[in-house]
Amino acid sequence: MKKNIKIAFAASSGGHYEQLMMLKPLMDEYDSFVVTEKTRYSAKVLQKKNYYMKQVNRKELMFIPKMILNCCLALRLMVKEKPNIVICTGVLAMIPLCMFCKISGGKLIFIESFAKIKSPTLTGKLLYKYADRFYIQWESLREFYPNAIYLGGIY
């Protein structure tokens, strides 16, 4: 295990989390931990620290309070774990962690969703300009992300 680099693997629940789990071999190579949303089912990576953010939906009335709480949780997590890199597959609940990583001098790697073939995600549009590396899984997204890296699908 490469211990001089600490990586936060961050994704919301569902498909974004499943895509992140495709990177499990990479998780095992580095000192790393997983950040996801708290849901009714328990998403947990064995042998890794797991942290949870509040699940957010921008159309909910409680969207802003939940995002403020996620900012506090992300800041506390950054102080505690001090990751050098955040690898994120989205979505909104993970934005505070990504931004705090950048503010603290860390690197941000964003992987746009496999499900987005013809249009970008809101999170992708927001984080594109901040990401040190931005990956797309469909060549058709190059029109939205001209400097993105295309390596095919994560599956």
# chains A, B, ... in the order shown; residues from 1 in each chain; ligands from 1
>>> residues_around(residues="range 114-122 of chain A", least_positions_apart="3", cutoff="6 Å", atoms="only C-alpha atoms", output="ChimeraX atom specification")
/A:125,137-138
>>> write_last_selection(atoms="C-alpha atoms", output="PDB file, in the first residue's frame")
ATOM      1  CA  LYS A 125     -20.722  21.232 -15.013  1.00  0.00           C
ATOM      2  CA  GLN A 137     -17.140   7.821 -20.268  1.00  0.00           C
ATOM      3  CA  TRP A 138     -18.679   8.742 -23.616  1.00  0.00           C
TER       4      TRP A 138
END
>>> residues_around(residues="Val56 in chain A", least_positions_apart="4", cutoff="9 Å", atoms="only C-alpha atoms", output="PyMOL selection string")
chain A and resi 37+60+62-64+66-67+92-93
>>> closest_residue(among="A:Ile149, A:Met21, A:Leu26, A:Ile111", to="Lys2 in chain A", atoms="only C-alpha atoms")
A:Leu26
>>> closest_residue(among="A:Val35, A:Phe110, A:Val91, A:Leu126", to="Ala74 in chain A", atoms="only C-alpha atoms")
A:Val35
>>> atom_distance(atom1="CA of Leu73 in chain A", atom2="CA of Phe100 in chain A")
10.8 Å
>>> closest_residue(among="A:Ile95, A:Val34, A:Leu23, A:Leu151", to="Glu81 in chain A", atoms="only C-alpha atoms")
A:Val34
>>> residues_around(residues="Gly106 in chain A", least_positions_apart="4", cutoff="8 Å", atoms="only C-alpha atoms", output="ChimeraX atom specification")
/A:83-86,101-102
>>> write_last_selection(atoms="N, CA and C atoms", output="compact mmCIF listing (two decimals), in the first residue's frame")
# COMPACT_ATOMS: atom_id res chain seq x y z
N PRO A 83 -7.06 14.26 3.14
CA PRO A 83 -6.76 13.57 1.88
C PRO A 83 -5.97 14.47 0.93
N ASN A 84 -5.06 13.87 0.17
CA ASN A 84 -4.32 14.59 -0.86
C ASN A 84 -5.14 14.69 -2.14
N ILE A 85 -6.02 13.70 -2.33
CA ILE A 85 -6.80 13.57 -3.56
C ILE A 85 -8.23 13.18 -3.22
N VAL A 86 -9.18 13.75 -3.96
CA VAL A 86 -10.56 13.28 -3.92
C VAL A 86 -10.89 12.77 -5.32
N CYS A 101 -11.28 20.13 -0.68
CA CYS A 101 -10.02 19.50 -1.10
C CYS A 101 -9.21 20.47 -1.96
N LYS A 102 -9.87 21.10 -2.92
CA LYS A 102 -9.17 22.06 -3.79
C LYS A 102 -8.66 23.26 -3.00
>>> select_by_dssp(residues="range 59-151 of chain A", states="alpha helix (DSSP H)", output="ChimeraX atom specification")
/A:63-81,95-103,122-127
>>> closest_residue(among="A:Arg133, A:Val79, A:Lys6, A:Thr89", to="Gln19 in chain A", atoms="only C-alpha atoms")
A:Thr89
>>> atom_distance(atom1="CA of Tyr52 in chain A", atom2="CA of Lys80 in chain A")
14.0 Å
>>> atom_distance(atom1="CA of Tyr128 in chain A", atom2="CA of Asp31 in chain A")
25.5 Å
>>> closest_residue(among="A:Lys24, A:Arg58, A:Lys82, A:Lys49", to="Ser104 in chain A", atoms="only C-alpha atoms")
A:Lys82
>>> select_by_dssp(residues="chain A", states="strand (DSSP E or B)", output="PyMOL selection string")
chain A and resi 2-10+30-37+49-53+85-88+107-111+133-136+149-150
>>> write_last_selection(atoms="N, CA and C atoms", output="compact mmCIF listing (two decimals), in the first residue's frame")
# COMPACT_ATOMS: atom_id res chain seq x y z
N LYS A 2 0.53 2.20 -0.85
CA LYS A 2 1.26 3.46 -0.94
C LYS A 2 0.71 4.39 0.13
N LYS A 3 1.48 4.61 1.18
CA LYS A 3 0.97 5.35 2.33
C LYS A 3 1.23 6.85 2.29
N ASN A 4 2.05 7.32 1.38
CA ASN A 4 2.34 8.76 1.36
C ASN A 4 1.24 9.57 0.68
N ILE A 5 0.28 8.90 0.08
CA ILE A 5 -0.86 9.58 -0.56
C ILE A 5 -2.14 9.04 0.06
N LYS A 6 -3.03 9.95 0.46
CA LYS A 6 -4.33 9.54 1.01
C LYS A 6 -5.41 10.00 0.04
N ILE A 7 -6.30 9.08 -0.31
CA ILE A 7 -7.35 9.37 -1.28
C ILE A 7 -8.73 9.19 -0.66
N ALA A 8 -9.58 10.18 -0.89
CA ALA A 8 -11.01 10.08 -0.54
C ALA A 8 -11.75 9.67 -1.81
N PHE A 9 -12.46 8.57 -1.75
CA PHE A 9 -13.31 8.12 -2.85
C PHE A 9 -14.74 8.54 -2.50
N ALA A 10 -15.32 9.43 -3.29
CA ALA A 10 -16.60 10.05 -2.93
C ALA A 10 -17.65 9.86 -4.01
N TYR A 30 -3.86 2.31 -2.03
CA TYR A 30 -3.56 3.55 -1.32
C TYR A 30 -4.22 3.59 0.05
N ASP A 31 -3.70 4.43 0.90
CA ASP A 31 -4.37 4.78 2.13
C ASP A 31 -5.61 5.56 1.70
N SER A 32 -6.78 5.03 1.93
CA SER A 32 -7.98 5.66 1.38
C SER A 32 -9.18 5.43 2.29
N PHE A 33 -10.22 6.19 2.00
CA PHE A 33 -11.49 6.04 2.70
C PHE A 33 -12.60 6.39 1.73
N VAL A 34 -13.83 6.04 2.10
CA VAL A 34 -14.98 6.21 1.22
C VAL A 34 -15.98 7.17 1.86
N VAL A 35 -16.52 8.07 1.03
CA VAL A 35 -17.54 9.01 1.48
C VAL A 35 -18.75 8.82 0.57
N THR A 36 -19.91 8.61 1.17
CA THR A 36 -21.13 8.46 0.39
C THR A 36 -22.30 9.08 1.16
N GLU A 37 -23.48 8.95 0.62
CA GLU A 37 -24.66 9.50 1.28
C GLU A 37 -25.24 8.48 2.26
N LYS A 49 -12.35 2.92 5.96
CA LYS A 49 -13.18 3.83 6.75
C LYS A 49 -14.29 4.34 5.83
N ASN A 50 -15.48 4.43 6.37
CA ASN A 50 -16.62 4.92 5.61
C ASN A 50 -17.22 6.12 6.34
N TYR A 51 -17.47 7.18 5.58
CA TYR A 51 -18.08 8.39 6.13
C TYR A 51 -19.33 8.70 5.32
N TYR A 52 -20.28 9.38 5.95
CA TYR A 52 -21.56 9.62 5.31
C TYR A 52 -21.95 11.10 5.32
N MET A 53 -22.45 11.55 4.19
CA MET A 53 -23.02 12.89 4.03
C MET A 53 -24.54 12.75 4.02
N ILE A 85 -6.02 13.70 -2.33
CA ILE A 85 -6.80 13.57 -3.56
C ILE A 85 -8.23 13.18 -3.22
N VAL A 86 -9.18 13.75 -3.96
CA VAL A 86 -10.56 13.28 -3.92
C VAL A 86 -10.89 12.77 -5.32
N ILE A 87 -11.34 11.52 -5.39
CA ILE A 87 -11.85 10.95 -6.64
C ILE A 87 -13.36 10.86 -6.47
N CYS A 88 -14.08 11.53 -7.35
CA CYS A 88 -15.53 11.67 -7.18
C CYS A 88 -16.28 11.28 -8.45
N LYS A 107 -5.78 17.57 -4.85
CA LYS A 107 -6.15 17.33 -6.24
C LYS A 107 -7.56 16.76 -6.31
N LEU A 108 -8.28 17.14 -7.35
CA LEU A 108 -9.63 16.65 -7.57
C LEU A 108 -9.69 15.91 -8.90
N ILE A 109 -10.16 14.68 -8.83
CA ILE A 109 -10.38 13.87 -10.03
C ILE A 109 -11.88 13.58 -10.08
N PHE A 110 -12.52 13.98 -11.17
CA PHE A 110 -13.95 13.77 -11.32
C PHE A 110 -14.21 12.84 -12.49
N ILE A 111 -15.10 11.88 -12.29
CA ILE A 111 -15.49 10.94 -13.35
C ILE A 111 -16.97 11.18 -13.62
N ARG A 133 -8.18 16.52 -13.03
CA ARG A 133 -8.44 15.56 -14.12
C ARG A 133 -9.94 15.33 -14.16
N PHE A 134 -10.47 15.38 -15.36
CA PHE A 134 -11.91 15.21 -15.54
C PHE A 134 -12.10 14.15 -16.61
N TYR A 135 -12.73 13.04 -16.23
CA TYR A 135 -12.92 11.92 -17.15
C TYR A 135 -14.36 11.84 -17.61
N ILE A 136 -14.52 11.55 -18.90
CA ILE A 136 -15.84 11.28 -19.45
C ILE A 136 -15.85 9.83 -19.92
N ILE A 149 -10.76 13.90 -20.34
CA ILE A 149 -10.03 12.70 -20.76
C ILE A 149 -11.06 11.60 -21.01
N TYR A 150 -11.00 11.01 -22.20
CA TYR A 150 -11.90 9.92 -22.54
C TYR A 150 -11.10 8.62 -22.60
